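Here is the structure we will look at, set down as C-alpha cells.
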Amino acid sequence: MPADVDRRRKTLSPDAWRRALAGTAPVAAVLLAAFVFCLCDPQMFLDGDTNWHLAAGRWILAHAAAPHADPFSYTAFGKPWIDLEWLSEALMALAYALGGWATVMVLMGAAVAATLGVVGVELRRRLGGAASVGVLLVCLPMIARHVLARPHILALPLLAAWLAALLAARRRGTAPSLWLTLLMTLWANLHGSDLIGLALVVPFGLEAVLDAGAGRRRSTALRWGGFGLAAMAAALVTPYGPAGLAHAAAVTRMASLSAIVEWKPASFAEFSPLEFALLAGAFACLVQGVRLRWTRAAILLFTVHLSLQHLRHELILAVIAPMLLAEPLGDAAALKPVAVPDRRKPEAIVCGAALAAGLVLAALRIVTPETARDSAADPVTALANVPPDIAAQPVFNDYSFGGLLILDGVRPFMDGRNDLYGDAAMQSYVDAEQAKSPEAVARLLGRYGVTWTLLAPSSPLAALLDRTPGWVRVYGDGWAVTQVRADALAASERARLTGAATGRPASR
C-alpha cells in the first residue's frame with residue numbers, strides 16, 4: 001500500500017479522531033464561555049475607532065477598492081493614506097450590513113473563540129484538558145479587557161495559527177510548508193501585526209539550524225531561509241505592496257502614540273490581569289523547574305517586554321506565552337502526551353454540543369438589536385442636537401469622537417488615524433485640546449475656520465471657550481458638550497427662520 005494512502009487512512013481512522021478530540025471537552029467549554037462573553041460585552045464598542053473602521057469598510061465595499069487617500073476628514077482630505085486594516089474593515093461592514101452591531105459582536109466573538117481554540121489545542125496536546133483550562137483561564141482576562149470591535153481582534157486567530165504551525169514544523173524537524181504563506185497574505189491585509197509573524201520565523205529558523213547535524217545545517221538554513229523570504233513576499237501582496245510593510249514598521253515609531261491609552265506602558269499601581277498572569281506564570285515555572293530553549297526564552301522575554309512597554313501588546317503575550325510554555329511545562333511535570341481516550345468518553349458529544357450552543361446563541365444575538373447609545377466614545381445625543389447647517393461646517397472634535405463623526409457623515413478635525421495625520425499635526429491638536437496657549441488655540445481654530453466643537457465635558461478647551469467671547473455653549477450632557485461660534489449660530493438661526501418663512505428647509 002502506498003505510504004500516502006496508508007497515512008490518509010490512519011488520519012481518518014476512529015482512533016485518530018478520538019486522539020484529536022482527547023481532552024478537548026473542557027477547552028470547548030472555555031471557548032463557549034468566551035464566545036458568550038463577547039456576545040454580551042458592553043465594553044466592545046467603547047472605542048471611537050470602531051466607528052471609523054466601519055465607515056472605512058463601507059467605503060471599501062462601495063468602491064470595491066482599498067483607499068489610497070483620505071476621504072473622510074477636512075484637515076487631511078486627499079492626503080495619502082495606507083489603510084493596513086482594509087480587509088478587516090470590509091468584513092466589519094459586511095457583518096454590519098447583515099445584522100447591525102449585533103452581527104459585528106458575533107464576528108468578534110468568533111475571532112476570540114477561534115484564537116482560544118488554537119491556543120487550547122496546543123495546550124491540550126501536551127498538558128491535557130484540565131491543565132489547559134487552567135492556563136486559558138489565566139490568559140482569558142488579559143484578552144477580555146482588549147476585546148473591542150476593531151481589526152486587531154480579527155487578526156488574533158492568525159497569530160495563534162501561525163505560531164502553532166511554526167511549532168509543529170519544529171516538532172517534525174522540517175521547515176513550514178509554503179502553503180502557510182497564504183496565511184501571511186491574509187494576515188497582512190487584515191492588520192499590520194503581520195510583522196510579528198515575520199519576526200517569529202527568525203528564532204525558530206535559527207533553532208532549526210542549530211539542531212541540525214553538521215551535514216544538514218546548510219540545507220536546513222536554505223529551507224527555513226526560503227520560507228522566511230516567501231513569507232515576506234506574501235506579506236507584500238496587499239493593495240500597497242512594499243509601502244504597506246514599511247508603513248507598519250514606521251507607525252510603531254511615531255512619537256504621538258504616547259498620548260494614546262493603549263500605547264502607554266503597563267501600570268502596576270493596581271492589580272491587573274497582566275500582573276496576575278506574570279506572577280502565575282513565574283510561580284508555575286519556578287515550582288516545576290521549567291527549562292526553555294534559549295531561542296524560545298528570547299521570544300517569551302521579548303513578548304513580556306512588549307506587553308510592559310505598551311498595554312495593547314498584552315494580547316500578544318496572552319497568545320504566545322501559553323503556546324511556548326505548553327511543552328516545557330508538560331516535560332517538567334512529567335506529563336505524558338494525550339492518549340487515545342476510551343470510546344465511552346463523550347468528547348465528541350461535548351464539543352458538538354458546544355458548537356451547536358454557540359450557533360444558537362449567535363443567531364439569538366443577531367436577531368436581538370444592539371442599538372447605539374451614549375458613551376465616552378459615542379456622544380450620539382450631543383451630535384444629534386447639532387443643527388445640520390452647523391454640522392456641515394468645520395468642527396474641532398475630541399479625539400475619541402472623530403470616528404462617530406465620520407460614521408455620521410461629518411468631516412472631523414481629528415480621529416484615530418494617527419499615521420494619516422502625522423506627529424506634528426497630532427502635537428498641535430493635543431496642545432489645542434489641552435488649551436496650553438489661548439493665543440495658539442485662536443490661531444489654530446482660525447486657520448481651519450472652525451465654527452463649532454464637540455468635546456468631552458472635562459476638556460480644557462471646552463472650559464476655555466466657555467470663557468471666550470464669541471463662543472456659545474449650545475448643548476451639554478455627561479458625555480459631550482457642543483459650542484458654536486456666535487456669528488455662525490446667528491447665521492444658522494437666520495437661515496432657519498428664512499427657511500420657515502419660505503417653506504424651504506435650511507440646506508446642509
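How things are named: the first chain in the C-alpha cells is A, the next is B, and so on; residues count from 1 in each chain; ligands count from 1 in the order shown.
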What's around Ala168 in chain A at 12 Å? Count only C-alpha atoms, leave out sequence neighbours fewer than 6 positions away in its own chain, and write the answer as a PyMOL selection string. chain A and resi 121-122+125+161-162+174-177+180+204+323-324+327
Include N, CA and C atoms and write out the residues we just selected as a compact mmCIF listing (two decimals), in the first residue's frame.
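This is the output file selection.txt:
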# COMPACT_ATOMS: atom_id res chain seq x y z
N VAL A 121 -5.86 23.97 21.81
CA VAL A 121 -5.42 22.72 21.17
C VAL A 121 -3.93 22.49 21.42
N GLU A 122 -3.15 23.55 21.32
CA GLU A 122 -1.71 23.42 21.57
C GLU A 122 -1.44 23.05 23.03
N ARG A 125 -2.58 19.35 23.76
CA ARG A 125 -1.70 18.34 23.19
C ARG A 125 -0.65 17.88 24.18
N ALA A 161 -2.55 30.74 14.91
CA ALA A 161 -2.39 29.69 13.90
C ALA A 161 -0.97 29.68 13.33
N TRP A 162 -0.41 30.87 13.11
CA TRP A 162 0.96 30.98 12.58
C TRP A 162 1.96 30.37 13.55
N THR A 174 11.14 19.81 10.21
CA THR A 174 11.12 20.30 8.83
C THR A 174 10.83 21.79 8.84
N ALA A 175 11.00 22.41 7.69
CA ALA A 175 10.59 23.80 7.53
C ALA A 175 9.08 23.85 7.30
N PRO A 176 8.42 24.94 7.64
CA PRO A 176 6.97 25.03 7.41
C PRO A 176 6.65 24.93 5.93
N SER A 177 5.46 24.46 5.63
CA SER A 177 5.02 24.36 4.25
C SER A 177 4.86 25.76 3.64
N LEU A 180 1.70 27.78 3.97
CA LEU A 180 1.45 28.63 5.14
C LEU A 180 1.58 30.11 4.80
N PHE A 204 12.88 30.66 15.25
CA PHE A 204 12.59 29.24 15.00
C PHE A 204 13.51 28.68 13.91
N MET A 323 1.47 29.09 24.44
CA MET A 323 1.85 28.15 23.39
C MET A 323 3.32 27.79 23.48
N LEU A 324 4.16 28.73 23.86
CA LEU A 324 5.58 28.44 24.02
C LEU A 324 5.86 27.60 25.25
N GLU A 327 4.80 22.84 26.05
CA GLU A 327 5.66 21.65 26.02
C GLU A 327 6.64 21.60 27.18
Hey, what does DSSP flag as strand (DSSP E or B) within range 278-477 of chain A? Can you give it to me as a ChimeraX atom specification? /A:395-397,452-455,471-476
Tell me, in Å to one decimal, how far CA of Trp479 in chain A is from CA of Val380 in chain A.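 Answer for the CA of Trp479 in chain A to CA of Val380 in chain A separation: 9.1 Å.
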Hey, what's within 8 Å of range 413-424 of chain A if we count only C-alpha atoms and toss same-chain stuff fewer than 6 positions away? As a PyMOL selection string, please? chain A and resi 48-49+70+73-76+79-82+251+254-257+394-403
Might you pull out every residue within 9 Å of Phe37 in chain A, with only C-alpha atoms counted and same-chain residues fewer than 5 positions away left off, and present them as a list of chain:residue names?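 Here the answer would be A:Leu32, A:Gly109, A:Ala144.
Interatomic distance, CA of Leu61 in chain A to CA of Ala90 in chain A: 6.4 Å.
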For a test of reading the model, state the distance in Å between CA of Pro203 in chain A and CA of Ala169 in chain A, rounded to one decimal.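 CA of Pro203 in chain A sits 13.0 Å away from CA of Ala169 in chain A.
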May I have the residues within 9 Å of Leu158 in chain A as an NGL selection string, using only C-alpha atoms and disregarding those fewer than 6 positions away in the same chain? :A and (115 or 183-184 or 186-187 or 194 or 197)
